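Working notes, beginning with the structure itself.
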Amino acid sequence: MKNLEGGDFEFGFLKFEKGDFPSQTILMYDDAPYGSSRDLRKRVEQYCSRFLFNSGIDLNIKKKDELNINGREAIAIFFDGENPNRGEKVKSKVYLIKKGNRIISFVCTQWRPINGSFTKQPFDYFDNFVYSFKFLKKDFYEELEEEIIKLRK
């Protein structure tokens, strides 16, 4: 899946839903979300300044929740917004999660016509997916961090 703001996602799912365009829901995982800070709170601020910025959506941050997901520090960010010029609106939930010294993200975004209604069920599925997601093995960066720690001893 190609990100219009400039990056590639690791994987994502797109579901076209009943109703007028743009009735769709997108779920994705990104191992390099917007920003560069390794500090989770700073990364949230960096992320919020770029999320959907090319879409023309007047985006509002509704809430930020600090969480622990599978033993990892995380922040859930809730967004909504609209673009009256294009007759569309959006609702998103983003999890930024600490993974070693890195930060990863899971994103669920629903697009609807401005007079359409959002659906709760995909967000419920998304939450279940995020909370049940397990990495089967360490990634390159985690292995590299471990090797650096060993060398420093």
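So you can find residues: chains in the structure tokens are A, B, ... in the order shown, residues in each start at 1, and ligands are numbered from 1 in order.
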
I need the strand (DSSP E) residues of region 25-151 of chain A per DSSP on the backbone, written as a PDB file with C-alpha atoms, in the first residue's frame.
ATOM      1  CA  THR A  25     -11.918   1.719   5.817  1.00  0.00           C
ATOM      2  CA  ILE A  26      -8.135   1.341   5.838  1.00  0.00           C
ATOM      3  CA  LEU A  27      -6.105  -0.621   8.407  1.00  0.00           C
ATOM      4  CA  MET A  28      -2.319  -0.553   8.294  1.00  0.00           C
ATOM      5  CA  TYR A  29       0.913  -1.271  10.116  1.00  0.00           C
ATOM      6  CA  ASP A  30       3.932   0.978   9.667  1.00  0.00           C
ATOM      7  CA  ASP A  58      -9.186  19.903   8.635  1.00  0.00           C
ATOM      8  CA  LEU A  59      -8.008  17.386  11.223  1.00  0.00           C
ATOM      9  CA  ASN A  60      -8.836  17.514  14.937  1.00  0.00           C
ATOM     10  CA  ILE A  61      -7.070  15.558  17.645  1.00  0.00           C
ATOM     11  CA  LYS A  62      -9.926  14.371  19.849  1.00  0.00           C
ATOM     12  CA  LYS A  63      -7.976  12.498  22.505  1.00  0.00           C
ATOM     13  CA  LYS A  64      -4.657  10.853  23.390  1.00  0.00           C
ATOM     14  CA  ASP A  65      -4.543   7.860  25.748  1.00  0.00           C
ATOM     15  CA  GLU A  66      -1.349   6.499  27.287  1.00  0.00           C
ATOM     16  CA  LEU A  67      -1.506   2.690  27.337  1.00  0.00           C
ATOM     17  CA  ASN A  68       0.431  -0.503  27.768  1.00  0.00           C
ATOM     18  CA  ILE A  69      -0.025  -2.990  24.930  1.00  0.00           C
ATOM     19  CA  ARG A  72       5.003  -2.109  25.485  1.00  0.00           C
ATOM     20  CA  GLU A  73       4.489   1.599  26.171  1.00  0.00           C
ATOM     21  CA  ALA A  74       1.938   3.037  23.732  1.00  0.00           C
ATOM     22  CA  ILE A  75      -0.238   6.044  22.993  1.00  0.00           C
ATOM     23  CA  ALA A  76      -3.576   5.859  21.173  1.00  0.00           C
ATOM     24  CA  ILE A  77      -4.526   8.977  19.221  1.00  0.00           C
ATOM     25  CA  PHE A  78      -8.090   9.665  18.094  1.00  0.00           C
ATOM     26  CA  PHE A  79      -8.657  11.986  15.115  1.00  0.00           C
ATOM     27  CA  ASP A  80     -11.590  13.255  13.116  1.00  0.00           C
ATOM     28  CA  GLY A  81     -11.999  15.906  10.477  1.00  0.00           C
ATOM     29  CA  GLU A  82     -13.567  16.911   7.215  1.00  0.00           C
ATOM     30  CA  ASN A  83     -12.905  18.512   3.878  1.00  0.00           C
ATOM     31  CA  GLU A  88     -15.636  13.990   2.684  1.00  0.00           C
ATOM     32  CA  LYS A  89     -14.873  13.346   6.314  1.00  0.00           C
ATOM     33  CA  VAL A  90     -12.534  11.056   8.212  1.00  0.00           C
ATOM     34  CA  LYS A  91     -12.266   9.299  11.562  1.00  0.00           C
ATOM     35  CA  SER A  92      -8.989   7.668  12.646  1.00  0.00           C
ATOM     36  CA  LYS A  93      -7.433   5.827  15.526  1.00  0.00           C
ATOM     37  CA  VAL A  94      -3.660   5.475  15.630  1.00  0.00           C
ATOM     38  CA  TYR A  95      -1.542   3.469  18.037  1.00  0.00           C
ATOM     39  CA  LEU A  96       2.101   4.515  18.370  1.00  0.00           C
ATOM     40  CA  ILE A  97       3.940   1.767  20.246  1.00  0.00           C
ATOM     41  CA  LYS A  98       7.496   1.583  21.620  1.00  0.00           C
ATOM     42  CA  LYS A  99       9.380  -1.427  20.272  1.00  0.00           C
ATOM     43  CA  ARG A 102      12.000   2.339  17.848  1.00  0.00           C
ATOM     44  CA  ILE A 103       8.382   3.332  17.464  1.00  0.00           C
ATOM     45  CA  ILE A 104       5.858   1.529  15.257  1.00  0.00           C
ATOM     46  CA  SER A 105       2.265   2.367  14.395  1.00  0.00           C
ATOM     47  CA  PHE A 106      -1.059   0.755  13.688  1.00  0.00           C
ATOM     48  CA  VAL A 107      -3.667   2.911  11.946  1.00  0.00           C
ATOM     49  CA  CYS A 108      -7.397   2.560  11.293  1.00  0.00           C
ATOM     50  CA  THR A 109      -8.993   5.272   9.159  1.00  0.00           C
ATOM     51  CA  GLN A 110     -12.556   5.502   7.890  1.00  0.00           C
ATOM     52  CA  TRP A 111     -13.417   7.811   5.018  1.00  0.00           C
ATOM     53  CA  ARG A 112     -17.020   8.799   4.445  1.00  0.00           C
ATOM     54  CA  PRO A 113     -19.052  11.292   2.423  1.00  0.00           C
TER      55      PRO A 113
END

Of the listed residues A:Phe21, A:Ile114, A:Arg50, A:Asn70, that which approaches Val130 (chain A) most closely, counting only C-alpha atoms |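 Using only C-alpha atoms, the shortest distance to Val130 (chain A) belongs to A:Asn70.
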
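Atom pair CA of Leu14 (chain A) / CA of Gly100 (chain A) has a distance of 28.9 Å (rounded to one decimal).
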
Mind listing the alpha helix (DSSP H) residues of chain A, per DSSP on the backbone, as a PyMOL selection string?
-> chain A and resi 40-50+121-132+140-152

Selection from above, C-alpha atoms, as a JSON list (two decimals), in the first residue's frame, can you write it?
[["chain", "number", "residue", "atom", "x", "y", "z"],
["A", 40, "LEU", "CA", 7.14, 8.36, 22.43],
["A", 41, "ARG", "CA", 5.47, 11.62, 23.49],
["A", 42, "LYS", "CA", 7.62, 13.72, 21.17],
["A", 43, "ARG", "CA", 6.98, 11.26, 18.35],
["A", 44, "VAL", "CA", 3.23, 11.62, 18.91],
["A", 45, "GLU", "CA", 3.56, 15.39, 18.42],
["A", 46, "GLN", "CA", 5.63, 14.89, 15.27],
["A", 47, "TYR", "CA", 3.15, 12.33, 13.97],
["A", 48, "CYS", "CA", 0.12, 14.53, 14.64],
["A", 49, "SER", "CA", 1.68, 17.39, 12.67],
["A", 50, "ARG", "CA", 1.90, 15.22, 9.53],
["A", 121, "GLN", "CA", -17.30, -2.43, 14.11],
["A", 122, "PRO", "CA", -14.06, -1.98, 12.10],
["A", 123, "PHE", "CA", -12.56, -0.02, 15.00],
["A", 124, "ASP", "CA", -13.47, -2.89, 17.36],
["A", 125, "TYR", "CA", -11.78, -5.39, 15.02],
["A", 126, "PHE", "CA", -8.79, -3.07, 14.79],
["A", 127, "ASP", "CA", -8.44, -2.83, 18.58],
["A", 128, "ASN", "CA", -8.62, -6.62, 18.89],
["A", 129, "PHE", "CA", -5.99, -7.00, 16.18],
["A", 130, "VAL", "CA", -3.58, -4.52, 17.80],
["A", 131, "TYR", "CA", -3.93, -6.03, 21.27],
["A", 132, "SER", "CA", -3.43, -9.56, 19.93],
["A", 140, "PHE", "CA", 16.97, -6.30, 12.47],
["A", 141, "TYR", "CA", 17.04, -3.28, 14.77],
["A", 142, "GLU", "CA", 16.31, -5.28, 17.92],
["A", 143, "GLU", "CA", 19.07, -7.75, 17.05],
["A", 144, "LEU", "CA", 21.45, -4.87, 16.32],
["A", 145, "GLU", "CA", 20.64, -3.21, 19.67],
["A", 146, "GLU", "CA", 21.36, -6.49, 21.48],
["A", 147, "GLU", "CA", 24.70, -6.88, 19.68],
["A", 148, "ILE", "CA", 25.71, -3.32, 20.56],
["A", 149, "ILE", "CA", 24.87, -3.93, 24.23],
["A", 150, "LYS", "CA", 26.96, -7.14, 24.19],
["A", 151, "LEU", "CA", 29.91, -5.30, 22.65],
["A", 152, "ARG", "CA", 29.76, -2.56, 25.29]]

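Between Gln24 (chain A) and the candidates A:Asn85, A:Thr119, A:Lys134, A:Asp139, the tightest atom-to-atom separation, counting only C-alpha atoms, involves A:Thr119.
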
Suppose you want the space between CA of Ser55 (chain A) and CA of Gly87 (chain A); what is it in Å?
->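 CA of Ser55 (chain A) sits 12.1 Å away from CA of Gly87 (chain A).
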